[in-house]
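**Student:** Input structure: upload37.json, which contains JSON, C-alpha atoms.
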[["chain", "number", "residue", "atom", "x", "y", "z"],
["I", 27, "MET", "CA", 0.00, 0.00, 0.00],
["I", 28, "ASN", "CA", 1.29, 3.44, -0.92],
["I", 29, "GLU", "CA", 1.13, 5.54, 2.24],
["I", 30, "ARG", "CA", 0.06, 9.14, 1.74],
["I", 31, "LEU", "CA", 2.36, 11.98, 2.71],
["I", 32, "ILE", "CA", 0.75, 15.05, 4.25],
["I", 33, "LEU", "CA", 2.70, 18.29, 4.66],
["I", 34, "VAL", "CA", 1.43, 20.37, 7.58],
["I", 35, "THR", "CA", 2.35, 24.00, 8.20],
["I", 36, "ASN", "CA", 0.81, 27.13, 9.70],
["I", 37, "ASP", "CA", 1.52, 30.74, 10.61],
["I", 38, "ASP", "CA", 1.19, 30.40, 14.41],
["I", 39, "GLY", "CA", 4.39, 28.40, 14.88],
["I", 40, "TYR", "CA", 5.37, 24.75, 15.18],
["I", 41, "ASP", "CA", 4.45, 24.61, 18.88],
["I", 42, "SER", "CA", 0.97, 26.13, 18.70],
["I", 43, "LYS", "CA", -2.20, 24.43, 19.91],
["I", 44, "GLY", "CA", -3.64, 24.68, 16.40],
["I", 45, "MET", "CA", -0.63, 22.82, 15.00],
["I", 46, "GLU", "CA", -1.38, 19.84, 17.24],
["I", 47, "ALA", "CA", -4.96, 19.88, 15.94],
["I", 48, "ALA", "CA", -3.72, 19.95, 12.32],
["I", 49, "ILE", "CA", -1.40, 17.03, 13.03],
["I", 50, "GLU", "CA", -4.37, 15.15, 14.47],
["I", 51, "VAL", "CA", -6.32, 15.78, 11.25],
["I", 52, "ALA", "CA", -3.45, 14.70, 9.01],
["I", 53, "ARG", "CA", -2.49, 11.56, 10.98],
["I", 54, "ALA", "CA", -5.80, 9.97, 10.01],
["I", 55, "PHE", "CA", -4.64, 9.90, 6.36],
["I", 56, "GLY", "CA", -0.96, 9.04, 6.30],
["I", 57, "ARG", "CA", 2.55, 10.05, 7.25],
["I", 58, "VAL", "CA", 2.85, 13.64, 8.47],
["I", 59, "VAL", "CA", 5.76, 15.99, 7.96],
["I", 60, "VAL", "CA", 5.47, 19.35, 9.66],
["I", 61, "VAL", "CA", 7.55, 22.30, 8.49],
["I", 62, "ALA", "CA", 6.28, 25.30, 10.40],
["I", 63, "PRO", "CA", 7.65, 28.66, 11.47],
["I", 64, "GLU", "CA", 9.92, 28.88, 14.48],
["I", 65, "THR", "CA", 7.90, 31.88, 15.70],
["I", 66, "THR", "CA", 4.50, 33.39, 14.99],
["I", 67, "GLN", "CA", 4.22, 34.63, 11.40],
["I", 68, "SER", "CA", 0.60, 35.83, 11.28],
["I", 69, "GLY", "CA", -0.22, 38.31, 8.54],
["I", 70, "MET", "CA", 2.69, 37.31, 6.31],
["I", 71, "SER", "CA", 0.50, 36.42, 3.30],
["I", 72, "GLN", "CA", 2.72, 35.21, 0.41],
["I", 73, "ALA", "CA", 5.91, 36.77, 1.82],
["I", 74, "ILE", "CA", 9.23, 35.02, 1.27],
["I", 75, "THR", "CA", 12.59, 35.66, 2.89],
["I", 76, "MET", "CA", 15.08, 37.16, 0.47],
["I", 77, "TYR", "CA", 18.15, 38.52, 2.30],
["I", 78, "ASN", "CA", 18.50, 36.58, 5.55],
["I", 79, "PRO", "CA", 19.82, 33.08, 6.12],
["I", 80, "LEU", "CA", 17.18, 30.47, 6.98],
["I", 81, "TYR", "CA", 17.57, 27.62, 9.45],
["I", 82, "LEU", "CA", 15.74, 24.30, 9.68],
["I", 83, "ARG", "CA", 15.83, 22.20, 12.83],
["I", 84, "ARG", "CA", 14.19, 18.91, 13.67],
["I", 85, "ILE", "CA", 12.03, 19.19, 16.78],
["I", 86, "ARG", "CA", 10.76, 15.64, 17.14],
["I", 87, "GLU", "CA", 10.21, 12.45, 15.24],
["I", 88, "GLU", "CA", 7.87, 9.65, 16.20],
["I", 89, "GLU", "CA", 6.04, 6.97, 14.30],
["I", 90, "GLY", "CA", 4.27, 8.65, 11.40],
["I", 91, "VAL", "CA", 5.11, 12.25, 12.37],
["I", 92, "ALA", "CA", 8.21, 14.40, 11.90],
["I", 93, "VAL", "CA", 8.17, 18.02, 13.12],
["I", 94, "TYR", "CA", 10.60, 20.68, 11.87],
["I", 95, "ALA", "CA", 10.85, 24.33, 12.90],
["I", 96, "PHE", "CA", 11.95, 26.77, 10.20],
["I", 97, "SER", "CA", 13.13, 30.34, 10.63],
["I", 98, "GLY", "CA", 11.17, 31.66, 7.64],
["I", 99, "THR", "CA", 7.64, 32.66, 6.70],
["I", 100, "PRO", "CA", 4.81, 30.17, 6.11],
["I", 101, "VAL", "CA", 5.48, 30.26, 2.35],
["I", 102, "ASP", "CA", 9.19, 29.71, 3.03],
["I", 103, "CYS", "CA", 8.17, 26.61, 5.01],
["I", 104, "VAL", "CA", 6.24, 25.19, 2.05],
["I", 105, "LYS", "CA", 9.11, 25.94, -0.32],
["I", 106, "MET", "CA", 11.62, 24.34, 2.07],
["I", 107, "ALA", "CA", 9.50, 21.20, 2.26],
["I", 108, "PHE", "CA", 8.85, 20.80, -1.46],
["I", 109, "ASP", "CA", 12.18, 22.02, -2.83],
["I", 110, "TYR", "CA", 14.52, 20.49, -0.25],
["I", 111, "LEU", "CA", 13.25, 18.29, 2.56],
["I", 112, "LEU", "CA", 10.68, 16.30, 0.53],
["I", 113, "ARG", "CA", 12.01, 16.91, -2.99],
["I", 114, "ASP", "CA", 12.30, 13.17, -3.72],
["I", 115, "GLU", "CA", 8.82, 12.33, -2.42],
["I", 116, "ARG", "CA", 5.28, 12.90, -3.59],
["I", 117, "VAL", "CA", 3.30, 15.12, -1.25],
["I", 118, "ASP", "CA", -0.38, 14.17, -1.41],
["I", 119, "MET", "CA", -1.81, 17.18, 0.44],
["I", 120, "VAL", "CA", -0.87, 20.37, 2.22],
["I", 121, "ILE", "CA", -2.75, 21.29, 5.39],
["I", 122, "SER", "CA", -2.13, 24.76, 6.79],
["I", 123, "GLY", "CA", -3.46, 25.64, 10.24],
["I", 124, "VAL", "CA", -5.37, 25.21, 12.36],
["I", 125, "ASN", "CA", -5.28, 28.98, 12.62],
["I", 126, "HIS", "CA", -6.42, 30.91, 15.70],
["I", 127, "GLY", "CA", -9.07, 33.20, 14.20],
["I", 128, "SER", "CA", -11.02, 33.11, 10.95],
["I", 129, "ASN", "CA", -9.61, 33.78, 7.52],
["I", 130, "SER", "CA", -12.55, 35.29, 5.69],
["I", 131, "ALA", "CA", -13.21, 38.29, 3.47],
["I", 132, "VAL", "CA", -10.16, 40.54, 3.03],
["I", 133, "ASN", "CA", -8.26, 38.67, 5.77],
["I", 134, "VAL", "CA", -7.56, 35.91, 3.23],
["I", 135, "LEU", "CA", -5.21, 38.34, 1.48],
["I", 136, "TYR", "CA", -3.14, 38.89, 4.64],
["I", 137, "SER", "CA", -3.23, 35.42, 6.10],
["I", 138, "GLY", "CA", 0.00, 33.48, 6.48],
["I", 139, "THR", "CA", -2.13, 30.35, 6.92],
["I", 140, "MET", "CA", -3.79, 30.86, 3.55],
["I", 141, "GLY", "CA", -0.54, 32.08, 1.98],
["I", 142, "ALA", "CA", 1.01, 28.70, 2.81],
["I", 143, "ALA", "CA", -2.05, 26.78, 1.55],
["I", 144, "ILE", "CA", -2.06, 28.73, -1.71],
["I", 145, "GLU", "CA", 1.67, 28.09, -2.13],
["I", 146, "GLY", "CA", 1.09, 24.38, -1.54],
["I", 147, "SER", "CA", -1.51, 24.29, -4.31],
["I", 148, "PHE", "CA", 1.09, 25.73, -6.70],
["I", 149, "TYR", "CA", 3.04, 22.47, -6.28],
["I", 150, "GLY", "CA", 0.25, 20.41, -7.83],
["I", 151, "CYS", "CA", -1.40, 18.87, -4.82],
["I", 152, "PRO", "CA", -4.61, 19.72, -2.98],
["I", 153, "ALA", "CA", -4.23, 22.25, -0.17],
["I", 154, "VAL", "CA", -6.51, 23.11, 2.73],
["I", 155, "GLY", "CA", -6.26, 26.10, 5.05],
["I", 156, "LEU", "CA", -8.03, 25.38, 8.34],
["I", 157, "SER", "CA", -9.06, 28.17, 10.71],
["I", 158, "LEU", "CA", -11.03, 28.28, 13.95],
["I", 159, "ASP", "CA", -12.94, 31.49, 14.69],
["I", 160, "ASP", "CA", -11.48, 31.71, 18.20],
["I", 161, "HIS", "CA", -8.40, 33.71, 19.25],
["I", 162, "GLY", "CA", -8.51, 32.50, 22.86],
["I", 163, "ALA", "CA", -5.59, 30.67, 24.45],
["I", 164, "ASP", "CA", -8.08, 28.06, 25.66],
["I", 165, "ALA", "CA", -9.71, 27.60, 22.23],
["I", 166, "ASP", "CA", -11.32, 24.18, 21.71],
["I", 167, "PHE", "CA", -10.11, 22.74, 18.41],
["I", 168, "ALA", "CA", -12.28, 19.58, 18.54],
["I", 169, "ALA", "CA", -14.76, 20.75, 15.89],
["I", 170, "ALA", "CA", -11.92, 21.89, 13.61],
["I", 171, "VAL", "CA", -10.41, 18.40, 13.87],
["I", 172, "VAL", "CA", -13.72, 16.65, 13.11],
["I", 173, "TYR", "CA", -14.60, 18.87, 10.15],
["I", 174, "GLY", "CA", -10.99, 18.98, 8.95],
["I", 175, "ARG", "CA", -10.90, 15.18, 8.80],
["I", 176, "ARG", "CA", -14.22, 15.09, 7.00],
["I", 177, "ILE", "CA", -13.09, 17.57, 4.34],
["I", 178, "VAL", "CA", -9.67, 15.98, 3.83],
["I", 179, "GLY", "CA", -11.31, 12.54, 3.59],
["I", 180, "GLU", "CA", -13.74, 13.79, 0.95],
["I", 181, "ILE", "CA", -10.89, 15.29, -1.07],
["I", 182, "PHE", "CA", -8.98, 12.00, -1.02],
["I", 183, "ALA", "CA", -12.13, 10.05, -1.93],
["I", 184, "ALA", "CA", -12.94, 12.25, -4.94],
["I", 185, "GLU", "CA", -11.25, 12.93, -8.24],
["I", 186, "VAL", "CA", -10.45, 16.59, -7.62],
["I", 187, "GLU", "CA", -9.38, 19.01, -10.29],
["I", 188, "LEU", "CA", -6.06, 20.71, -9.55],
["I", 189, "PRO", "CA", -5.10, 23.27, -8.52],
["I", 190, "LEU", "CA", -7.33, 23.02, -5.46],
["I", 191, "CYS", "CA", -7.01, 25.28, -2.44],
["I", 192, "LEU", "CA", -9.79, 25.33, 0.14],
["I", 193, "ASN", "CA", -10.20, 27.93, 2.87],
["I", 194, "VAL", "CA", -12.10, 26.29, 5.75],
["I", 195, "ASN", "CA", -13.40, 28.45, 8.60],
["I", 196, "VAL", "CA", -14.87, 26.61, 11.58],
["I", 197, "PRO", "CA", -17.11, 28.66, 13.89],
["I", 198, "VAL", "CA", -16.82, 28.53, 17.67],
["I", 199, "GLY", "CA", -18.88, 25.71, 19.13],
["I", 200, "SER", "CA", -18.82, 22.05, 19.98],
["I", 201, "VAL", "CA", -19.15, 19.42, 17.29],
["I", 202, "GLY", "CA", -22.79, 18.84, 18.26],
["I", 203, "GLU", "CA", -23.63, 22.53, 18.05],
["I", 204, "LEU", "CA", -22.43, 23.01, 14.47],
["I", 205, "LYS", "CA", -25.10, 22.48, 11.84],
["I", 206, "GLY", "CA", -22.98, 21.28, 8.92],
["I", 207, "MET", "CA", -20.92, 22.75, 6.12],
["I", 208, "LYS", "CA", -21.57, 25.25, 3.36],
["I", 209, "LEU", "CA", -19.41, 25.57, 0.26],
["I", 210, "CYS", "CA", -19.00, 29.05, -1.18],
["I", 211, "ARG", "CA", -16.60, 30.98, -3.37],
["I", 212, "GLN", "CA", -14.34, 33.74, -2.13],
["I", 213, "ASN", "CA", -15.38, 37.07, -3.65]]
Write out the structure in this file as structure tokens.
**Tutor:**
Amino acid sequence: MNERLILVTNDDGYDSKGMEAAIEVARAFGRVVVVAPETTQSGMSQAITMYNPLYLRRIREEEGVAVYAFSGTPVDCVKMAFDYLLRDERVDMVISGVNHGSNSAVNVLYSGTMGAAIEGSFYGCPAVGLSLDDHGADADFAAAVVYGRRIVGEIFAAEVELPLCLNVNVPVGSVGELKGMKLCRQN
């Protein structure tokens, strides 16, 4: 069986609570490689680092998950993964998030989470930006995990046309409180 490879990144940093939720989503579908910013990079959009050296360091490795911290922007993280770290492998999906706070309306243009997801889609694989509409330190990511798994599972089960980049915003609430999903286009 060909195991899927899922690249996970974000703009909140490799050690954020949302990152652990994104890893939980991705683990259900295959091997996970995380390349995420060393520090918070919110609002970086499609920014790349041009004139400073960049550093990659392995944080941890366990069965099915490898986590790397990178000194660059979210887009730098995606480029590092595709062009260097995973250059000899096929990445089956990019998951960016789970972001603290929604990425809707004009915020999509500023979002490092969505910048990384968009960059991932440029490499010819599906990409999903996951966000939870909660900025609180005690945010409950359970619904984002449940809906994230559902969406990623549906992408893998379907014949999707590429490029594909989805921006998923999960409202605050428990899994039982949410009424379902609605697909819409960004205007």
**Student:** Identify the residues within 10 Å of coordinate (-7.1, 15.8, 13.0) (same frame as the file), considering only C-alpha atoms, and give the answer as a JSON list (two decimals) with C-alpha atoms, keeping the file's coordinate frame.
**Tutor:**
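Generated output (point_3.json):
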[["chain", "number", "residue", "atom", "x", "y", "z"],
["I", 45, "MET", "CA", -0.63, 22.82, 15.00],
["I", 46, "GLU", "CA", -1.38, 19.84, 17.24],
["I", 47, "ALA", "CA", -4.96, 19.88, 15.94],
["I", 48, "ALA", "CA", -3.72, 19.95, 12.32],
["I", 49, "ILE", "CA", -1.40, 17.03, 13.03],
["I", 50, "GLU", "CA", -4.37, 15.15, 14.47],
["I", 51, "VAL", "CA", -6.32, 15.78, 11.25],
["I", 52, "ALA", "CA", -3.45, 14.70, 9.01],
["I", 53, "ARG", "CA", -2.49, 11.56, 10.98],
["I", 54, "ALA", "CA", -5.80, 9.97, 10.01],
["I", 55, "PHE", "CA", -4.64, 9.90, 6.36],
["I", 124, "VAL", "CA", -5.37, 25.21, 12.36],
["I", 167, "PHE", "CA", -10.11, 22.74, 18.41],
["I", 168, "ALA", "CA", -12.28, 19.58, 18.54],
["I", 169, "ALA", "CA", -14.76, 20.75, 15.89],
["I", 170, "ALA", "CA", -11.92, 21.89, 13.61],
["I", 171, "VAL", "CA", -10.41, 18.40, 13.87],
["I", 172, "VAL", "CA", -13.72, 16.65, 13.11],
["I", 173, "TYR", "CA", -14.60, 18.87, 10.15],
["I", 174, "GLY", "CA", -10.99, 18.98, 8.95],
["I", 175, "ARG", "CA", -10.90, 15.18, 8.80],
["I", 176, "ARG", "CA", -14.22, 15.09, 7.00],
["I", 178, "VAL", "CA", -9.67, 15.98, 3.83]]
**Student:** So which one's closest to Leu112 (chain I), I:Cys151, I:Cys210, I:Leu192, I:Leu33? Using only C-alpha atoms, please.
**Tutor:**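 Of all the options, I:Leu33 lies closest to Leu112 (chain I).
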**Student:** Which of these residues is nearest to Cys103 (chain I), using all atoms listed in the file: I:Met119, I:Ile74, I:Ala163, I:Val61?
**Tutor:** I:Val61
**Student:** I'd like the interatomic distance between CA of Gly141 (chain I) and CA of Val34 (chain I), to a tenth of an Å.
**Tutor:**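 One can read the CA of Gly141 (chain I) to CA of Val34 (chain I) distance as 13.1 Å.
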**Student:** Closest to Ser147 (chain I) among I:Glu115, I:Glu29, I:Glu187, I:Asp160, using all atoms listed in the file?
**Tutor:**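 Among the listed residues, the smallest separation from Ser147 (chain I) belongs to I:Glu187.
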**Student:** For Met76 (chain I), which of I:Asp166, I:Asp102, I:Glu203, I:Asp38 is the closest residue, counting all atoms listed in the file?
**Tutor:**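 Among the listed residues, the smallest separation from Met76 (chain I) belongs to I:Asp102.
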**Student:** Determine the nearest neighbour of Ser97 (chain I) from the options I:Gly127, I:Gly146, I:Pro197, I:Pro63, counting all atoms listed in the file.
**Tutor:**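 Checking each candidate against Ser97 (chain I), we get I:Pro63 as the closest.
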